[in-house]
Amino acid sequence: MDKLEFKGDINEFKGKLKQAHGGLTDDDLEYEEGKDDEFFGRLQQKLGKTKDEVVAWIRSLG
């Protein structure tokens with residue numbers, strides 16, 4: 001899996017993610033450089049999806 005690249009304003013993108021899944025919080029969407037696994041792990045738990053499914057979902061919203 002290649003890295004996700006966020007284009008534009010990260011806060012705007014977080015807003016899109018929250019709109020698409022109302023159960024996501026700011027804490028769920030906290031992203032730190034180099035901690036991709038933690039970020040995807042939180043989303044996997046919240047969404048009940050595999051890492052690949054989470055990545056595909058994020059890309060579809062981009």
# chains A, B, ... in the order shown; residues from 1 in each chain; ligands from 1
$ residues_around --residues "A:Ile58" --least-positions-apart "3" --cutoff "10 Å" --atoms "only C-alpha atoms" --output "MDAnalysis selection string"
chainID A and resid 4 6 13 16:17 20 52:55 61:62
$ residues_around --residues "stretch 39-41 of chain A" --least-positions-apart "5" --cutoff "10 Å" --atoms "only C-alpha atoms" --output "PyMOL selection string"
chain A and resi 27-34+46-47+49-52+54-55
$ closest_residue --among "A:Ala56, A:Asp37, A:Leu43, A:Asp9" --to "A:His21" --atoms "only C-alpha atoms"
A:Leu43
$ closest_residue --among "A:Asn11, A:Thr25, A:Gln19, A:Trp57" --to "A:Arg42" --atoms "only C-alpha atoms"
A:Thr25
$ select_by_dssp --residues "stretch 7-59 of chain A" --states "helix (DSSP H, G or I)" --output "VMD selection string"
chain A and resid 10 to 20 36 to 47 51 to 59
$ write_last_selection --atoms "N, CA, C and O atoms" --output "compact mmCIF listing (two decimals), in the first residue's frame"
# COMPACT_ATOMS: atom_id res chain seq x y z
N ILE A 10 -5.99 19.99 5.54
CA ILE A 10 -6.26 18.76 6.29
C ILE A 10 -7.53 18.89 7.11
O ILE A 10 -8.29 17.93 7.26
N ASN A 11 -7.81 20.08 7.63
CA ASN A 11 -9.03 20.28 8.42
C ASN A 11 -10.28 20.13 7.56
O ASN A 11 -11.29 19.59 8.01
N GLU A 12 -10.21 20.59 6.32
CA GLU A 12 -11.33 20.42 5.40
C GLU A 12 -11.55 18.93 5.12
O GLU A 12 -12.68 18.44 5.09
N PHE A 13 -10.45 18.20 4.95
CA PHE A 13 -10.54 16.77 4.69
C PHE A 13 -11.11 16.03 5.90
O PHE A 13 -11.95 15.13 5.75
N LYS A 14 -10.69 16.42 7.10
CA LYS A 14 -11.25 15.80 8.31
C LYS A 14 -12.75 16.03 8.37
O LYS A 14 -13.50 15.15 8.79
N GLY A 15 -13.18 17.21 7.95
CA GLY A 15 -14.62 17.51 7.91
C GLY A 15 -15.35 16.57 6.98
O GLY A 15 -16.45 16.09 7.29
N LYS A 16 -14.75 16.27 5.83
CA LYS A 16 -15.37 15.32 4.88
C LYS A 16 -15.49 13.94 5.50
O LYS A 16 -16.51 13.26 5.34
N LEU A 17 -14.44 13.51 6.21
CA LEU A 17 -14.47 12.20 6.85
C LEU A 17 -15.57 12.14 7.91
O LEU A 17 -16.30 11.15 8.01
N LYS A 18 -15.69 13.21 8.70
CA LYS A 18 -16.73 13.24 9.74
C LYS A 18 -18.12 13.26 9.13
O LYS A 18 -19.04 12.64 9.68
N GLN A 19 -18.30 13.97 8.01
CA GLN A 19 -19.60 13.99 7.35
C GLN A 19 -19.96 12.61 6.82
O GLN A 19 -21.12 12.19 6.89
N ALA A 20 -18.97 11.91 6.29
CA ALA A 20 -19.21 10.59 5.71
C ALA A 20 -19.49 9.55 6.78
O ALA A 20 -20.20 8.57 6.55
N ASP A 36 1.40 6.33 10.89
CA ASP A 36 0.31 5.90 10.01
C ASP A 36 -0.46 4.72 10.58
O ASP A 36 -1.68 4.68 10.51
N ASP A 37 0.28 3.74 11.14
CA ASP A 37 -0.38 2.53 11.66
C ASP A 37 -1.37 2.86 12.77
O ASP A 37 -2.45 2.27 12.84
N GLU A 38 -1.01 3.79 13.65
CA GLU A 38 -1.92 4.19 14.72
C GLU A 38 -3.18 4.85 14.15
O GLU A 38 -4.29 4.56 14.59
N PHE A 39 -2.99 5.72 13.17
CA PHE A 39 -4.11 6.41 12.53
C PHE A 39 -5.07 5.40 11.90
O PHE A 39 -6.27 5.42 12.16
N PHE A 40 -4.51 4.50 11.08
CA PHE A 40 -5.36 3.51 10.43
C PHE A 40 -5.97 2.53 11.42
O PHE A 40 -7.11 2.09 11.24
N GLY A 41 -5.26 2.19 12.47
CA GLY A 41 -5.80 1.31 13.50
C GLY A 41 -7.04 1.90 14.16
O GLY A 41 -8.03 1.19 14.38
N ARG A 42 -6.97 3.19 14.48
CA ARG A 42 -8.15 3.85 15.08
C ARG A 42 -9.33 3.83 14.13
O ARG A 42 -10.47 3.53 14.53
N LEU A 43 -9.07 4.13 12.86
CA LEU A 43 -10.17 4.13 11.89
C LEU A 43 -10.71 2.72 11.65
O LEU A 43 -11.92 2.53 11.51
N GLN A 44 -9.83 1.72 11.63
CA GLN A 44 -10.28 0.34 11.47
C GLN A 44 -11.22 -0.05 12.59
O GLN A 44 -12.27 -0.66 12.35
N GLN A 45 -10.86 0.28 13.82
CA GLN A 45 -11.71 -0.06 14.96
C GLN A 45 -13.04 0.65 14.87
O GLN A 45 -14.09 0.06 15.11
N LYS A 46 -13.02 1.93 14.56
CA LYS A 46 -14.24 2.73 14.51
C LYS A 46 -15.17 2.29 13.39
O LYS A 46 -16.38 2.26 13.56
N LEU A 47 -14.58 1.96 12.23
CA LEU A 47 -15.39 1.65 11.05
C LEU A 47 -15.65 0.16 10.86
O LEU A 47 -16.51 -0.22 10.07
N LYS A 51 -7.62 -2.45 6.82
CA LYS A 51 -6.81 -1.29 6.47
C LYS A 51 -6.99 -0.92 5.01
O LYS A 51 -7.14 0.26 4.68
N ASP A 52 -7.01 -1.90 4.12
CA ASP A 52 -7.19 -1.62 2.70
C ASP A 52 -8.56 -1.00 2.42
O ASP A 52 -8.67 -0.10 1.57
N GLU A 53 -9.58 -1.45 3.13
CA GLU A 53 -10.91 -0.87 2.96
C GLU A 53 -10.95 0.58 3.45
O GLU A 53 -11.57 1.44 2.83
N VAL A 54 -10.26 0.84 4.56
CA VAL A 54 -10.20 2.21 5.09
C VAL A 54 -9.49 3.12 4.10
O VAL A 54 -9.97 4.22 3.81
N VAL A 55 -8.36 2.67 3.55
CA VAL A 55 -7.62 3.47 2.58
C VAL A 55 -8.48 3.74 1.35
O VAL A 55 -8.54 4.88 0.87
N ALA A 56 -9.17 2.73 0.85
CA ALA A 56 -10.03 2.91 -0.33
C ALA A 56 -11.14 3.91 -0.02
O ALA A 56 -11.48 4.77 -0.87
N TRP A 57 -11.72 3.83 1.18
CA TRP A 57 -12.79 4.75 1.57
C TRP A 57 -12.27 6.18 1.63
O TRP A 57 -12.91 7.09 1.10
N ILE A 58 -11.10 6.37 2.23
CA ILE A 58 -10.52 7.71 2.32
C ILE A 58 -10.24 8.26 0.93
O ILE A 58 -10.55 9.42 0.64
N ARG A 59 -9.68 7.44 0.07
CA ARG A 59 -9.38 7.89 -1.30
C ARG A 59 -10.66 8.25 -2.05
O ARG A 59 -10.66 9.18 -2.86
$ decode --residues "stretch 25-56 of chain A" --atoms "N, CA and C atoms" --output "tab-separated table (two decimals), in the first residue's frame"
chain	number	residue	atom	x	y	z
A	25	THR	N	-14.49	11.19	15.61
A	25	THR	CA	-14.19	12.37	16.42
A	25	THR	C	-12.86	12.96	16.00
A	26	ASP	N	-12.55	14.14	16.54
A	26	ASP	CA	-11.25	14.76	16.28
A	26	ASP	C	-10.12	13.85	16.75
A	27	ASP	N	-10.31	13.18	17.88
A	27	ASP	CA	-9.30	12.25	18.39
A	27	ASP	C	-9.07	11.09	17.43
A	28	ASP	N	-10.14	10.58	16.82
A	28	ASP	CA	-10.02	9.49	15.86
A	28	ASP	C	-9.20	9.92	14.64
A	29	LEU	N	-9.31	11.18	14.29
A	29	LEU	CA	-8.68	11.69	13.07
A	29	LEU	C	-7.35	12.38	13.31
A	30	GLU	N	-6.84	12.27	14.53
A	30	GLU	CA	-5.54	12.85	14.86
A	30	GLU	C	-4.46	12.11	14.08
A	31	TYR	N	-3.68	12.84	13.31
A	31	TYR	CA	-2.64	12.23	12.50
A	31	TYR	C	-1.30	12.88	12.81
A	32	GLU	N	-0.32	12.04	13.07
A	32	GLU	CA	1.05	12.51	13.29
A	32	GLU	C	1.95	11.85	12.26
A	33	GLU	N	2.86	12.65	11.72
A	33	GLU	CA	3.82	12.14	10.74
A	33	GLU	C	4.54	10.91	11.31
A	34	GLY	N	4.60	9.84	10.52
A	34	GLY	CA	5.29	8.63	10.93
A	34	GLY	C	4.47	7.68	11.78
A	35	LYS	N	3.23	8.04	12.09
A	35	LYS	CA	2.38	7.18	12.91
A	35	LYS	C	1.15	6.73	12.12
A	36	ASP	N	1.40	6.33	10.89
A	36	ASP	CA	0.31	5.90	10.01
A	36	ASP	C	-0.46	4.72	10.58
A	37	ASP	N	0.28	3.74	11.14
A	37	ASP	CA	-0.38	2.53	11.66
A	37	ASP	C	-1.37	2.86	12.77
A	38	GLU	N	-1.01	3.79	13.65
A	38	GLU	CA	-1.92	4.19	14.72
A	38	GLU	C	-3.18	4.85	14.15
A	39	PHE	N	-2.99	5.72	13.17
A	39	PHE	CA	-4.11	6.41	12.53
A	39	PHE	C	-5.07	5.40	11.90
A	40	PHE	N	-4.51	4.50	11.08
A	40	PHE	CA	-5.36	3.51	10.43
A	40	PHE	C	-5.97	2.53	11.42
A	41	GLY	N	-5.26	2.19	12.47
A	41	GLY	CA	-5.80	1.31	13.50
A	41	GLY	C	-7.04	1.90	14.16
A	42	ARG	N	-6.97	3.19	14.48
A	42	ARG	CA	-8.15	3.85	15.08
A	42	ARG	C	-9.33	3.83	14.13
A	43	LEU	N	-9.07	4.13	12.86
A	43	LEU	CA	-10.17	4.13	11.89
A	43	LEU	C	-10.71	2.72	11.65
A	44	GLN	N	-9.83	1.72	11.63
A	44	GLN	CA	-10.28	0.34	11.47
A	44	GLN	C	-11.22	-0.05	12.59
A	45	GLN	N	-10.86	0.28	13.82
A	45	GLN	CA	-11.71	-0.06	14.96
A	45	GLN	C	-13.04	0.65	14.87
A	46	LYS	N	-13.02	1.93	14.56
A	46	LYS	CA	-14.24	2.73	14.51
A	46	LYS	C	-15.17	2.29	13.39
A	47	LEU	N	-14.58	1.96	12.23
A	47	LEU	CA	-15.39	1.65	11.05
A	47	LEU	C	-15.65	0.16	10.86
A	48	GLY	N	-14.88	-0.69	11.56
A	48	GLY	CA	-15.05	-2.13	11.40
A	48	GLY	C	-14.62	-2.62	10.02
A	49	LYS	N	-13.56	-2.02	9.48
A	49	LYS	CA	-13.08	-2.37	8.15
A	49	LYS	C	-11.60	-2.73	8.22
A	50	THR	N	-11.12	-3.38	7.15
A	50	THR	CA	-9.70	-3.68	7.06
A	50	THR	C	-8.94	-2.40	6.69
A	51	LYS	N	-7.62	-2.45	6.82
A	51	LYS	CA	-6.81	-1.29	6.47
A	51	LYS	C	-6.99	-0.92	5.01
A	52	ASP	N	-7.01	-1.90	4.12
A	52	ASP	CA	-7.19	-1.62	2.70
A	52	ASP	C	-8.56	-1.00	2.42
A	53	GLU	N	-9.58	-1.45	3.13
A	53	GLU	CA	-10.91	-0.87	2.96
A	53	GLU	C	-10.95	0.58	3.45
A	54	VAL	N	-10.26	0.84	4.56
A	54	VAL	CA	-10.20	2.21	5.09
A	54	VAL	C	-9.49	3.12	4.10
A	55	VAL	N	-8.36	2.67	3.55
A	55	VAL	CA	-7.62	3.47	2.58
A	55	VAL	C	-8.48	3.74	1.35
A	56	ALA	N	-9.17	2.73	0.85
A	56	ALA	CA	-10.03	2.91	-0.33
A	56	ALA	C	-11.14	3.91	-0.02
